[in-house]
Amino acid sequence: SDRSKHFNLEKNVAIQGYDPVSYFMANKALKGKSTLAANYQGVIYHFTNETNKKHFLANPSKYEPQFGGWCAFAMGDDGKKVEVNPETFKIIDDKLYLFYNAYFNNTLKSWNKDEKNLKAKAIKNWHNFLK
């Protein structure tokens, strides 16, 4: 199946060009370089360095953001695909979750109030997109 059609992409690039591995290695969002790109099943990721790119290619599902890179809170709250601010994130059980954060609405705060419930609903809603 063409899973990339469900992903949050700009010109096929995920996370607005941020390096998915940097969230785990540096515990922060770092912008990758287009010269250091990898294509995984139709989704392009940018990396800050060659090492991060190697880590990713060795185990893409470990580093890819959950729910195709859409806002985790919105996916759990009403099952909608909502944009994210790549610098608003949380790592839970070694998985990357991204959140909408604009106009004084940081959805990570709402997520933290009901994480267990929202996470379960988000997983279910995302699977419905992929069917």
# chains A, B, ... in the order shown; residues from 1 in each chain; ligands from 1
call {"tool": "closest_atom_pairs", "arguments": {"of": "range 50-117 of chain A", "to": "range 22-37 of chain A", "cutoff": "12 Å", "atoms": "only C-alpha atoms", "output": "Markdown table"}}
result
| residue | atom | partner | partner_atom | distance |
| --- | --- | --- | --- | --- |
| A:Glu50 | CA | A:Leu36 | CA | 7.0 |
| A:Thr51 | CA | A:Leu36 | CA | 10.3 |
| A:Asn52 | CA | A:Ser22 | CA | 7.3 |
| A:Lys53 | CA | A:Leu36 | CA | 7.3 |
| A:Lys54 | CA | A:Leu36 | CA | 10.4 |
| A:His55 | CA | A:Met25 | CA | 10.1 |
| A:Phe56 | CA | A:Ser22 | CA | 10.2 |
| A:Leu57 | CA | A:Ala37 | CA | 10.5 |
| A:Lys62 | CA | A:Phe24 | CA | 9.8 |
| A:Tyr63 | CA | A:Phe24 | CA | 7.9 |
| A:Glu64 | CA | A:Tyr23 | CA | 10.4 |
| A:Pro65 | CA | A:Tyr23 | CA | 9.9 |
| A:Asn85 | CA | A:Ala29 | CA | 10.0 |
| A:Pro86 | CA | A:Ala29 | CA | 6.7 |
| A:Glu87 | CA | A:Ala29 | CA | 5.4 |
| A:Thr88 | CA | A:Ala29 | CA | 8.3 |
| A:Phe89 | CA | A:Ala29 | CA | 8.2 |
| A:Lys90 | CA | A:Tyr23 | CA | 8.7 |
| A:Ile91 | CA | A:Phe24 | CA | 7.8 |
| A:Ile92 | CA | A:Phe24 | CA | 10.7 |
| A:Asp93 | CA | A:Phe24 | CA | 11.4 |
| A:Asp94 | CA | A:Phe24 | CA | 8.0 |
| A:Lys95 | CA | A:Phe24 | CA | 8.8 |
| A:Leu96 | CA | A:Tyr23 | CA | 7.6 |
| A:Tyr97 | CA | A:Tyr23 | CA | 10.0 |
| A:Leu98 | CA | A:Ala29 | CA | 10.5 |
call {"tool": "closest_residue", "arguments": {"among": "A:Gly42, A:Gly69, A:Gly17, A:Gly79", "to": "Ser4 in chain A", "atoms": "only C-alpha atoms"}}
result
A:Gly42
call {"tool": "select_by_dssp", "arguments": {"residues": "chain A", "states": "helix (DSSP H, G or I)", "output": "JSON, numbers by chain"}}
result
{"A": [3, 4, 5, 6, 15, 16, 17, 22, 23, 24, 25, 50, 51, 52, 53, 54, 55, 56, 57, 58, 60, 61, 62, 63, 66, 67, 68, 69, 72, 73, 74, 75, 76, 77, 107, 108, 109, 110, 111, 112, 113, 115, 116, 117, 118, 119, 120, 121, 122, 123, 124, 125, 126, 127, 128, 129, 130]}
call {"tool": "residues_around", "arguments": {"residues": "Phe73 in chain A", "least_positions_apart": "3", "cutoff": "6 Å", "atoms": "only C-alpha atoms", "output": "ChimeraX atom specification"}}
result
/A:76-77,111
call {"tool": "write_last_selection", "arguments": {"atoms": "C-alpha atoms", "output": "PDB file, in the first residue's frame"}}
result
ATOM      1  CA  GLY A  76      -6.412  10.851  19.623  1.00  0.00           C
ATOM      2  CA  ASP A  77      -8.917  13.627  20.300  1.00  0.00           C
ATOM      3  CA  TRP A 111      -2.084  15.387  25.739  1.00  0.00           C
TER       4      TRP A 111
END
call {"tool": "atom_distance", "arguments": {"atom1": "CA of Tyr40 in chain A", "atom2": "CA of Lys81 in chain A"}}
result
20.8 Å
call {"tool": "select_by_dssp", "arguments": {"residues": "chain A", "states": "strand (DSSP E or B)", "output": "MDAnalysis selection string"}}
result
chainID A and resid 9:10 13:14 18 31 33:40 43:47 65 85:92 95:99 101:102 105:106
call {"tool": "atom_distance", "arguments": {"atom1": "CA of Glu115 in chain A", "atom2": "CA of His6 in chain A"}}
result
23.1 Å
call {"tool": "closest_residue", "arguments": {"among": "A:Val84, A:Val21, A:Ala58, A:Ala74", "to": "Asn8 in chain A", "atoms": "only C-alpha atoms"}}
result
A:Val84
